[in-house]
>>> print(open('query-v1.txt').read())   # compact mmCIF, C-alpha atoms and all ligand atoms
# COMPACT_ATOMS: atom_id res chain seq x y z
CA MET A 1 -79.09 104.68 55.33
CA SER A 2 -80.28 107.87 56.97
CA LEU A 3 -80.80 107.90 60.72
CA GLU A 4 -83.75 110.23 60.38
CA SER A 5 -87.13 108.91 59.31
CA GLN A 6 -88.63 109.88 55.96
CA ALA A 7 -91.11 112.11 57.79
CA LEU A 8 -88.42 113.84 59.88
CA ARG A 9 -86.26 114.49 56.84
CA ARG A 10 -89.05 116.73 55.50
CA VAL A 11 -88.80 118.91 58.62
CA LYS A 12 -86.43 121.76 59.46
CA PRO A 13 -85.52 122.82 63.01
CA SER A 14 -87.30 125.90 64.38
CA ALA A 15 -85.73 129.11 63.02
CA THR A 16 -86.80 131.12 66.06
CA ILE A 17 -85.03 128.72 68.41
CA ALA A 18 -81.97 128.89 66.11
CA VAL A 19 -81.85 132.71 66.31
CA SER A 20 -82.04 132.68 70.12
CA ALA A 21 -79.27 130.05 70.23
CA LYS A 22 -77.05 132.12 67.88
CA ALA A 23 -77.60 135.23 70.04
CA ARG A 24 -76.73 133.31 73.22
CA GLU A 25 -73.58 131.95 71.56
CA LEU A 26 -72.43 135.48 70.60
CA ILE A 27 -73.11 136.71 74.16
CA ARG A 28 -70.98 133.84 75.50
CA GLN A 29 -68.18 135.05 73.20
CA GLY A 30 -68.40 138.45 74.88
CA ARG A 31 -70.38 140.32 72.18
CA ASP A 32 -72.94 142.94 73.23
CA VAL A 33 -76.07 141.39 71.73
CA ILE A 34 -79.77 142.21 72.20
CA SER A 35 -82.00 139.29 71.26
CA LEU A 36 -85.48 140.21 70.04
CA GLY A 37 -86.15 136.64 68.96
CA ALA A 38 -87.91 135.21 72.01
CA GLY A 39 -91.58 134.32 71.92
CA GLU A 40 -92.38 134.55 75.62
CA PRO A 41 -93.54 137.27 78.01
CA ASP A 42 -90.78 138.72 80.20
CA PHE A 43 -93.23 138.81 83.16
CA ASP A 44 -93.22 136.15 85.88
CA THR A 45 -96.06 133.70 86.57
CA PRO A 46 -98.41 135.37 89.14
CA ASP A 47 -97.91 134.29 92.78
CA THR A 48 -101.46 132.94 93.19
CA ILE A 49 -100.77 130.45 90.40
CA LYS A 50 -97.42 129.43 91.88
CA ALA A 51 -99.12 128.92 95.26
CA ALA A 52 -101.71 126.60 93.68
CA ALA A 53 -98.92 124.46 92.25
CA ILE A 54 -97.11 124.28 95.61
CA LYS A 55 -100.38 123.27 97.27
CA ALA A 56 -100.92 120.57 94.63
CA ILE A 57 -97.52 119.10 95.47
CA GLN A 58 -98.22 119.26 99.22
CA ASP A 59 -101.64 117.63 98.71
CA GLY A 60 -100.05 114.74 96.84
CA LYS A 61 -101.53 115.60 93.43
CA THR A 62 -98.47 113.97 91.97
CA LYS A 63 -99.83 110.86 90.22
CA TYR A 64 -100.98 110.02 86.69
CA THR A 65 -104.17 111.84 85.76
CA ASP A 66 -106.80 111.26 83.07
CA VAL A 67 -104.85 111.27 79.80
CA ASP A 68 -106.33 114.48 78.36
CA GLY A 69 -106.82 116.48 81.55
CA ILE A 70 -108.24 116.44 85.09
CA PRO A 71 -112.02 117.09 85.41
CA GLU A 72 -111.36 120.26 87.45
CA LEU A 73 -109.29 121.79 84.65
CA LYS A 74 -111.77 120.73 81.97
CA ALA A 75 -114.52 122.42 84.00
CA ALA A 76 -112.41 125.60 84.28
CA ILE A 77 -111.82 125.54 80.52
CA CYS A 78 -115.56 125.13 79.78
CA ALA A 79 -116.26 128.08 82.10
CA LYS A 80 -113.57 130.16 80.33
CA PHE A 81 -115.05 129.49 76.88
CA GLU A 82 -118.55 130.36 78.14
CA ARG A 83 -117.44 133.51 79.99
CA GLU A 84 -114.98 134.96 77.47
CA ASN A 85 -116.10 133.60 74.11
CA GLY A 86 -119.81 132.80 74.47
CA LEU A 87 -119.05 129.19 73.46
CA SER A 88 -120.70 126.22 75.21
CA TYR A 89 -118.69 123.02 75.48
CA LYS A 90 -119.09 119.92 77.64
CA PRO A 91 -115.99 118.56 79.45
CA SER A 92 -116.05 115.62 76.99
CA GLN A 93 -115.34 118.17 74.24
CA VAL A 94 -112.15 119.44 75.89
CA ASN A 95 -108.52 118.36 75.43
CA VAL A 96 -105.62 119.38 77.68
CA SER A 97 -102.12 118.73 76.30
CA PRO A 98 -98.56 119.51 77.50
CA GLY A 99 -98.61 122.98 75.83
CA GLY A 100 -100.40 124.64 72.97
CA LYS A 101 -97.95 123.19 70.47
CA PRO A 102 -98.83 119.57 71.34
CA VAL A 103 -102.56 120.39 71.10
CA ILE A 104 -102.04 121.30 67.44
CA TYR A 105 -99.69 118.39 66.82
CA ASN A 106 -102.07 115.88 68.43
CA ALA A 107 -104.97 117.17 66.32
CA LEU A 108 -102.93 116.86 63.13
CA VAL A 109 -101.55 113.40 63.95
CA ALA A 110 -105.06 112.25 64.85
CA THR A 111 -106.59 113.35 61.55
CA LEU A 112 -104.09 113.59 58.67
CA SER A 113 -103.56 110.82 56.14
CA PRO A 114 -100.86 110.95 53.43
CA GLY A 115 -101.77 113.58 50.82
CA ASP A 116 -104.20 115.48 53.06
CA GLU A 117 -103.75 119.22 52.70
CA VAL A 118 -103.65 121.87 55.40
CA ILE A 119 -104.09 125.51 54.40
CA VAL A 120 -101.59 127.74 56.19
CA PRO A 121 -101.85 131.51 55.63
CA ALA A 122 -98.41 133.17 55.41
CA PRO A 123 -96.75 134.64 57.35
CA TYR A 124 -97.31 131.72 59.71
CA TRP A 125 -96.00 130.55 63.06
CA VAL A 126 -92.84 128.58 62.20
CA SER A 127 -94.10 125.30 63.62
CA TYR A 128 -97.30 124.90 61.56
CA PRO A 129 -95.84 123.63 58.26
CA ASP A 130 -93.37 121.30 59.93
CA MET A 131 -95.99 119.83 62.26
CA VAL A 132 -98.19 119.17 59.21
CA LEU A 133 -95.27 117.45 57.43
CA LEU A 134 -94.36 115.39 60.50
CA ALA A 135 -97.99 114.26 60.75
CA GLY A 136 -97.86 113.11 57.12
CA GLY A 137 -99.86 115.94 55.52
CA GLU A 138 -99.04 118.64 52.99
CA PRO A 139 -99.02 122.34 53.92
CA VAL A 140 -100.61 124.61 51.32
CA PHE A 141 -99.48 128.21 51.75
CA VAL A 142 -101.62 131.23 51.02
CA ALA A 143 -99.67 134.49 51.01
CA THR A 144 -101.11 137.63 52.57
CA THR A 145 -99.86 141.19 52.07
CA ALA A 146 -98.85 144.04 54.36
CA LYS A 147 -101.47 146.12 52.50
CA ASN A 148 -104.18 143.75 53.78
CA ASN A 149 -102.57 143.77 57.24
CA PHE A 150 -101.40 140.17 56.74
CA LYS A 151 -104.96 138.81 56.81
CA LEU A 152 -106.21 135.92 54.71
CA GLN A 153 -108.42 137.21 51.88
CA PRO A 154 -111.61 135.20 51.24
CA ALA A 155 -110.96 134.85 47.49
CA ASP A 156 -107.45 133.52 48.14
CA LEU A 157 -108.84 130.98 50.61
CA GLU A 158 -111.49 129.88 48.10
CA ALA A 159 -108.79 129.36 45.45
CA ALA A 160 -106.63 127.24 47.79
CA ILE A 161 -109.35 124.74 48.79
CA THR A 162 -109.25 121.37 47.02
CA PRO A 163 -111.04 118.06 47.63
CA ARG A 164 -107.94 117.04 49.69
CA THR A 165 -108.16 120.03 52.06
CA LYS A 166 -108.56 118.73 55.61
CA TRP A 167 -107.87 121.80 57.74
CA LEU A 168 -107.55 125.56 57.61
CA LEU A 169 -105.15 126.85 60.28
CA LEU A 170 -106.15 130.28 61.60
CA ASN A 171 -104.09 132.26 64.12
CA SER A 172 -105.41 135.52 65.54
CA PRO A 173 -103.69 137.54 66.93
CA SER A 174 -100.89 136.19 64.79
CA ASN A 175 -97.37 135.13 65.49
CA PRO A 176 -95.39 136.67 63.66
CA SER A 177 -97.45 139.62 62.36
CA GLY A 178 -99.58 140.51 65.41
CA ALA A 179 -102.56 140.86 63.05
CA ALA A 180 -105.95 140.04 64.59
CA TYR A 181 -109.16 139.45 62.64
CA THR A 182 -112.23 141.58 63.32
CA ARG A 183 -115.64 139.93 63.58
CA GLU A 184 -116.43 141.05 60.00
CA GLU A 185 -113.17 139.64 58.65
CA LEU A 186 -113.80 136.30 60.37
CA GLN A 187 -117.35 136.24 58.99
CA ALA A 188 -115.99 136.70 55.44
CA VAL A 189 -113.61 133.75 55.96
CA ALA A 190 -116.47 131.72 57.47
CA ASP A 191 -118.70 132.44 54.46
CA VAL A 192 -116.15 130.72 52.21
CA LEU A 193 -115.86 127.74 54.61
CA LEU A 194 -119.64 127.28 54.69
CA ARG A 195 -119.45 126.45 50.98
CA HIS A 196 -116.87 123.69 51.67
CA PRO A 197 -118.26 121.40 54.37
CA HIS A 198 -115.33 118.97 54.20
CA VAL A 199 -112.85 121.56 55.57
CA TRP A 200 -112.15 121.62 59.31
CA ILE A 201 -110.92 124.74 61.10
CA LEU A 202 -108.18 124.84 63.72
CA THR A 203 -108.05 128.27 65.30
CA ASP A 204 -105.01 129.08 67.43
CA ASP A 205 -106.18 131.76 69.87
CA MET A 206 -103.04 131.67 72.01
CA TYR A 207 -102.66 135.49 72.00
CA GLU A 208 -106.35 136.21 72.70
CA HIS A 209 -105.63 138.41 75.73
CA LEU A 210 -102.83 140.44 74.18
CA ILE A 211 -104.88 142.95 72.17
CA TYR A 212 -104.61 146.72 72.00
CA ASP A 213 -106.50 149.96 71.38
CA GLY A 214 -109.75 148.40 72.65
CA PHE A 215 -109.76 145.71 69.94
CA GLU A 216 -112.64 143.23 70.41
CA PHE A 217 -111.39 139.62 70.24
CA THR A 218 -113.68 137.07 68.58
CA THR A 219 -113.12 133.49 67.47
CA ILE A 220 -114.58 131.80 64.41
CA ALA A 221 -116.92 129.27 66.10
CA GLN A 222 -118.47 132.17 68.01
CA VAL A 223 -118.81 134.38 64.92
CA GLU A 224 -120.31 131.60 62.76
CA PRO A 225 -122.11 128.96 64.89
CA LYS A 226 -122.67 126.82 61.77
CA LEU A 227 -118.93 126.03 61.89
CA TYR A 228 -119.03 124.89 65.54
CA ASP A 229 -119.22 121.20 64.54
CA ARG A 230 -115.96 121.31 62.59
CA THR A 231 -113.89 123.80 64.54
CA LEU A 232 -111.18 123.07 67.08
CA THR A 233 -110.77 126.20 69.22
CA MET A 234 -107.29 126.09 70.70
CA ASN A 235 -105.79 128.22 73.46
CA GLY A 236 -103.44 127.92 76.42
CA VAL A 237 -102.03 129.52 79.53
CA SER A 238 -98.50 130.10 78.17
CA LYS A 239 -98.77 133.70 76.96
CA ALA A 240 -101.71 135.26 78.86
CA TYR A 241 -100.58 133.93 82.25
CA SER A 242 -96.80 133.97 81.61
CA MET A 243 -96.67 130.19 82.02
CA THR A 244 -94.54 129.10 79.04
CA GLY A 245 -92.48 126.67 81.10
CA TRP A 246 -95.45 124.96 82.75
CA ARG A 247 -96.57 123.32 79.48
CA ILE A 248 -100.37 123.49 79.50
CA GLY A 249 -102.42 124.08 76.35
CA TYR A 250 -106.03 123.21 75.64
CA ALA A 251 -108.70 123.05 72.98
CA ALA A 252 -112.40 122.37 72.59
CA GLY A 253 -114.24 120.89 69.65
CA PRO A 254 -116.38 117.99 68.44
CA GLU A 255 -116.28 114.90 70.67
CA PRO A 256 -115.00 112.41 68.05
CA LEU A 257 -111.99 114.65 67.38
CA ILE A 258 -111.29 115.09 71.11
CA LYS A 259 -111.47 111.28 71.56
CA ALA A 260 -109.04 110.76 68.68
CA MET A 261 -106.59 113.26 70.20
CA ALA A 262 -106.78 111.45 73.57
CA LYS A 263 -106.00 108.21 71.74
CA VAL A 264 -102.80 109.78 70.37
CA MET A 265 -101.82 110.97 73.85
CA SER A 266 -102.59 107.62 75.45
CA GLN A 267 -99.84 106.02 73.35
CA SER A 268 -97.34 108.90 73.38
CA THR A 269 -97.09 111.58 76.09
CA SER A 270 -99.83 110.42 78.49
CA ASN A 271 -101.21 113.21 80.69
CA PRO A 272 -99.79 116.73 81.01
CA CYS A 273 -97.94 117.36 84.32
CA SER A 274 -100.42 116.98 87.20
CA ILE A 275 -99.01 119.95 89.13
CA ALA A 276 -99.08 122.26 86.11
CA GLN A 277 -102.72 121.27 85.54
CA TRP A 278 -103.65 122.41 89.06
CA ALA A 279 -101.76 125.66 88.45
CA ALA A 280 -103.79 126.13 85.26
CA VAL A 281 -107.04 125.62 87.20
CA GLU A 282 -106.03 128.56 89.39
CA ALA A 283 -104.96 130.60 86.33
CA LEU A 284 -108.36 130.22 84.66
CA ASN A 285 -110.57 130.42 87.79
CA GLY A 286 -108.52 132.93 89.81
CA PRO A 287 -108.03 136.71 89.54
CA GLN A 288 -107.69 137.97 85.96
CA ASP A 289 -106.92 141.64 86.66
CA PHE A 290 -103.20 141.41 85.86
CA ILE A 291 -104.00 140.43 82.27
CA PRO A 292 -105.21 143.87 81.06
CA GLU A 293 -102.49 145.52 83.18
CA ARG A 294 -99.80 143.56 81.37
CA ALA A 295 -101.50 144.10 78.01
CA ALA A 296 -101.34 147.87 78.63
CA ILE A 297 -97.58 147.59 79.15
CA PHE A 298 -97.25 145.60 75.91
CA GLN A 299 -99.26 148.28 74.08
CA THR A 300 -96.84 151.01 75.20
CA ARG A 301 -93.92 148.92 73.98
CA ARG A 302 -95.64 148.21 70.66
CA ASP A 303 -96.19 151.93 70.10
CA LEU A 304 -92.54 152.69 70.90
CA VAL A 305 -91.22 150.01 68.54
CA VAL A 306 -93.58 150.84 65.65
CA SER A 307 -92.74 154.53 65.90
CA MET A 308 -88.97 154.05 66.09
CA LEU A 309 -88.88 151.50 63.25
CA ASN A 310 -90.92 153.76 60.99
CA GLN A 311 -88.24 156.42 61.50
CA ALA A 312 -85.55 154.00 60.23
CA ASN A 313 -84.33 154.42 56.68
CA GLY A 314 -85.90 151.89 54.30
CA LEU A 315 -88.17 150.17 56.86
CA PHE A 316 -91.96 150.15 56.97
CA CYS A 317 -93.68 148.83 60.09
CA PRO A 318 -97.47 148.27 60.14
CA THR A 319 -99.23 148.66 63.52
CA PRO A 320 -100.50 145.25 64.67
CA GLU A 321 -103.67 144.72 66.73
CA GLY A 322 -102.21 142.16 69.12
CA ALA A 323 -99.60 139.61 70.33
CA PHE A 324 -96.11 140.92 71.15
CA TYR A 325 -94.59 140.97 67.68
CA VAL A 326 -94.15 143.44 64.86
CA TYR A 327 -93.43 142.36 61.29
CA PRO A 328 -91.73 145.24 59.46
CA SER A 329 -90.83 145.22 55.78
CA CYS A 330 -87.15 145.68 54.84
CA GLU A 331 -87.92 145.89 51.11
CA GLY A 332 -86.36 149.38 50.96
CA LEU A 333 -82.94 147.96 51.83
CA ILE A 334 -82.85 144.96 49.50
CA GLY A 335 -80.14 145.31 46.83
CA LYS A 336 -78.24 147.88 48.91
CA THR A 337 -74.85 147.50 50.59
CA ALA A 338 -74.43 146.83 54.33
CA PRO A 339 -71.60 148.41 56.40
CA SER A 340 -69.68 145.13 55.94
CA GLY A 341 -69.52 145.82 52.18
CA ARG A 342 -71.82 142.89 51.41
CA VAL A 343 -75.03 143.31 49.41
CA ILE A 344 -78.31 142.65 51.23
CA LYS A 345 -80.01 140.25 48.85
CA ASN A 346 -82.92 139.16 51.04
CA ASP A 347 -84.34 139.33 54.56
CA GLU A 348 -82.00 136.59 55.79
CA ASP A 349 -79.02 138.78 54.76
CA PHE A 350 -80.68 141.76 56.44
CA ALA A 351 -80.98 139.87 59.75
CA ALA A 352 -77.41 138.51 59.51
CA GLU A 353 -75.89 141.94 58.73
CA LEU A 354 -77.90 143.63 61.49
CA LEU A 355 -76.64 141.05 63.99
CA GLU A 356 -73.05 141.47 62.82
CA SER A 357 -73.03 145.29 62.65
CA GLU A 358 -75.14 146.25 65.64
CA GLY A 359 -75.66 143.07 67.67
CA VAL A 360 -79.46 142.98 67.33
CA ALA A 361 -80.96 139.52 66.77
CA VAL A 362 -84.27 139.40 64.85
CA VAL A 363 -85.87 136.55 62.90
CA HIS A 364 -85.94 136.88 59.10
CA GLY A 365 -89.33 136.72 57.38
CA GLU A 366 -88.46 133.79 55.14
CA ALA A 367 -88.73 131.57 58.26
CA PHE A 368 -92.39 132.62 58.51
CA GLY A 369 -93.06 132.17 54.81
CA LEU A 370 -93.33 135.83 53.76
CA SER A 371 -90.44 138.01 52.56
CA PRO A 372 -88.88 140.57 52.67
CA PHE A 373 -89.84 141.10 56.30
CA PHE A 374 -88.46 140.38 59.74
CA ARG A 375 -90.01 139.70 63.14
CA ILE A 376 -89.28 141.55 66.33
CA SER A 377 -90.58 140.33 69.68
CA TYR A 378 -91.16 143.29 72.00
CA ALA A 379 -91.61 141.12 75.11
CA THR A 380 -88.74 142.89 76.82
CA SER A 381 -88.11 146.13 78.75
CA THR A 382 -88.59 149.64 77.32
CA GLU A 383 -84.90 150.44 77.88
CA ILE A 384 -83.77 147.40 75.89
CA LEU A 385 -86.30 148.13 73.13
CA GLU A 386 -85.14 151.76 72.85
CA ASP A 387 -81.52 150.65 72.63
CA ALA A 388 -82.34 147.94 70.05
CA CYS A 389 -84.43 150.27 67.86
CA SER A 390 -81.72 152.97 67.99
CA ARG A 391 -79.21 150.39 66.81
CA ILE A 392 -81.58 149.33 63.99
CA GLN A 393 -81.95 152.99 62.96
CA ARG A 394 -78.16 153.39 62.95
CA PHE A 395 -77.72 150.23 60.87
CA CYS A 396 -80.34 151.32 58.32
CA ALA A 397 -78.75 154.78 58.05
CA ALA A 398 -75.38 153.15 57.31
CA VAL A 399 -76.77 151.00 54.47
CA ARG A 400 -75.88 152.52 51.09
C1 LIG B 501 -99.12 131.10 67.59
C2 LIG B 501 -98.64 130.19 68.65
N1 LIG B 501 -99.34 129.08 68.92
C3 LIG B 501 -98.94 128.21 69.84
C4 LIG B 501 -97.79 128.41 70.57
C5 LIG B 501 -97.35 127.35 71.54
O1 LIG B 501 -97.55 127.60 72.83
P1 LIG B 501 -97.01 126.60 73.96
O2 LIG B 501 -95.77 127.22 74.48
O3 LIG B 501 -98.11 126.54 74.94
O4 LIG B 501 -96.76 125.28 73.33
C6 LIG B 501 -97.03 129.56 70.33
C7 LIG B 501 -95.76 129.77 71.08
O5 LIG B 501 -94.86 130.43 70.65
C8 LIG B 501 -97.47 130.46 69.35
O6 LIG B 501 -96.75 131.56 69.07
>>> encode(input="query-v1.txt", output="structure tokens", more="lines below")
Ligand SMILES: Cc1ncc(COP(=O)(O)O)c(C=O)c1O
Amino acid sequence: MSLESQALRRVKPSATIAVSAKARELIRQGRDVISLGAGEPDFDTPDTIKAAAIKAIQDGKTKYTDVDGIPELKAAICAKFERENGLSYKPSQVNVSPGGKPVIYNALVATLSPGDEVIVPAPYWVSYPDMVLLAGGEPVFVATTAKNNFKLQPADLEAAITPRTKWLLLNSPSNPSGAAYTREELQAVADVLLRHPHVWILTDDMYEHLIYDGFEFTTIAQVEPKLYDRTLTMNGVSKAYSMTGWRIGYAAGPEPLIKAMAKVMSQSTSNPCSIAQWAAVEALNGPQDFIPERAAIFQTRRDLVVSMLNQANGLFCPTPEGAFYVYPSCEGLIGKTAPSGRVIKNDEDFAAELLESEGVAVVHGEAFGLSPFFRISYATSTEILEDACSRIQRFCAAVR
């Protein structure tokens, strides 16, 4: 008999975590390795937010809280949605979970029955399909193309919807492609959804504040108010406020869904950390000026990486609108021979050979459901990025 449950046997461990672990292992062995696998900002949490957490400890805010968030944080989240997204929610429409990932997981566990389908545009964040499987549903993948900047095309969405479709998962700006939907593109997706009233929409807006070249961020419930009653708008403090370790994510949506998610939490995690919740109150209500300052730094890094990768033999790197990832194509190198003498058959081989030859760790596209591509996280210093991209150029030049 297998130790793992039937549900868990359908799931694979996170490929991005595996790449970081492999890179760390090689570094321990003394290899000179640059890891571009990490999905977190290299900046520190701002001091004002740290101070709020210290004060929370000193004030004894160290007990159980309401299961899905303290009223002060729910109020701050409502104010954020009003101020930044033009969306009105009551505190009873807000969920706070221990991170953005658990928000999505709680929503799926609360709503999926066996056989329910969840549409996942590819390339997708690695956790979506496995969270759907763990919750008992079936992921339905819809491929996008580099030509369409990795954005879901309305006709492809229409073709993927069945009577069993429960959710569409949207993620803009996207991990791994960095693609962000314009208002017009979201409206075109919304027009399809209006014809299918049984489909709910979960929009993962985690990278909302990391957008470049003056891009205007919008979210689907704001673009199409007729979808408000079946949209869960999810966000969190991890990326915008450099708070990945604090574990606070949140979402707003229809009250019955929010109640169902709280029910899941009441019998599993209970409340998110009380201290981290108070830190998140300060993050959302406090000064926001460091956000565009940090985004400007990310934009400079994006431009550097895109330009250097496009000078590498056989690579093509589209310019993404947001997040801190690029998703270049390595199609030009497939079927060719790496310096090791081995043939590069797919993007997994490409990533493995690059790591072996030049010590640069990237995540292969197959992990995100769209090949032959790879993902680079540019949430690291300019010097490291220049070194890494020079090594990638050298590797590509050595492929025959
Ligand atoms: C698209 C996307 N959504 C959600 C998350 C999860 O964020 P958190 O660390 O708050 O769980 C991530 C983190 O990598 C992400 O890339």
>>> residues_near_ligand(input="query-v1.txt", ligand="ligand LIG 501 (chain B)", cutoff="10 Å", atoms="all atoms listed in the file", output="PyMOL selection string")
chain A and resi 16+38-40+97-105+124-128+170-176+178+203-207+234-239+242-250+323-325
>>> closest_residue(input="query-v1.txt", among="A:Asn106, A:Gln277, A:Ser390, A:Asn85", to="Ile70 in chain A", atoms="all atoms listed in the file")
A:Gln277
>>> residues_around(input="query-v1.txt", residues="Gly69 in chain A", least_positions_apart="3", cutoff="10 Å", atoms="all atoms listed in the file", output="list in words")
Thr65, Asp66, Glu72, Leu73, Lys74, Pro91, Val94, Asn95, Val96, Ser97, Pro98, Ile248, Tyr250, Ala262, Ser270, Asn271, Pro272, Cys273, Ser274 and Gln277 of chain A
>>> residues_around(input="query-v1.txt", residues="range 288-304 of chain A", least_positions_apart="2", cutoff="10 Å", atoms="all atoms listed in the file", output="number ranges by chain")
A: 41, 43, 46, 209-213, 240-242, 283-286, 306-309, 319-326, 377-383, 385-386, 389
>>> atom_distance(input="query-v1.txt", atom1="CA of Gly369 in chain A", atom2="CA of Ser35 in chain A")
21.1 Å
>>> closest_residue(input="query-v1.txt", among="A:Ala76, A:Leu370, A:Val281, A:Val67", to="Ser266 in chain A", atoms="only C-alpha atoms")
A:Val67
>>> residues_around(input="query-v1.txt", residues="Arg10 in chain A", least_positions_apart="6", cutoff="10 Å", atoms="only C-alpha atoms", output="PyMOL selection string")
chain A and resi 4+130+133-134+136
>>> closest_residue(input="query-v1.txt", among="A:Lys336, A:Ala361, A:Ile27, A:Pro318", to="Lys147 in chain A", atoms="only C-alpha atoms")
A:Pro318
>>> closest_residue(input="query-v1.txt", among="A:Val363, A:Lys226, A:Thr144, A:Glu282", to="Ala52 in chain A", atoms="only C-alpha atoms")
A:Glu282
>>> atom_distance(input="query-v1.txt", atom1="CA of Thr145 in chain A", atom2="CA of Gly365 in chain A")
12.6 Å
>>> closest_residue(input="query-v1.txt", among="A:Val19, A:Ala122, A:Ala388, A:Met1", to="Ala143 in chain A", atoms="all atoms listed in the file")
A:Ala122
>>> closest_residue(input="query-v1.txt", among="A:Ala367, A:Val264, A:Ala276, A:Val343", to="Ile49 in chain A", atoms="all atoms listed in the file")
A:Ala276
>>> atom_distance(input="query-v1.txt", atom1="CA of Gly335 in chain A", atom2="CA of Glu348 in chain A")
12.6 Å
>>> residues_around(input="query-v1.txt", residues="Pro139 in chain A", least_positions_apart="4", cutoff="8 Å", atoms="only C-alpha atoms", output="list in words")
Glu117, Val118, Ile119, Val120, Pro129, Val132 and Leu133 of chain A
>>> write_last_selection(input="query-v1.txt", atoms="C-alpha atoms", output="PDB file, keeping the file's coordinate frame")
ATOM      1  CA  GLU A 117    -103.750 119.220  52.700  1.00  0.00           C
ATOM      2  CA  VAL A 118    -103.650 121.870  55.400  1.00  0.00           C
ATOM      3  CA  ILE A 119    -104.090 125.510  54.400  1.00  0.00           C
ATOM      4  CA  VAL A 120    -101.590 127.740  56.190  1.00  0.00           C
ATOM      5  CA  PRO A 129     -95.840 123.630  58.260  1.00  0.00           C
ATOM      6  CA  VAL A 132     -98.190 119.170  59.210  1.00  0.00           C
ATOM      7  CA  LEU A 133     -95.270 117.450  57.430  1.00  0.00           C
TER       8      LEU A 133
END
>>> residues_around(input="query-v1.txt", residues="Glu158 in chain A", least_positions_apart="4", cutoff="12 Å", atoms="only C-alpha atoms", output="list in words")
Ile119, Val142, Leu152, Gln153, Pro154, Thr162, Pro163, Thr165, Leu168, Ala188, Val189, Ala190, Asp191, Val192, Leu193, Leu194, Arg195, His196 and Val199 of chain A
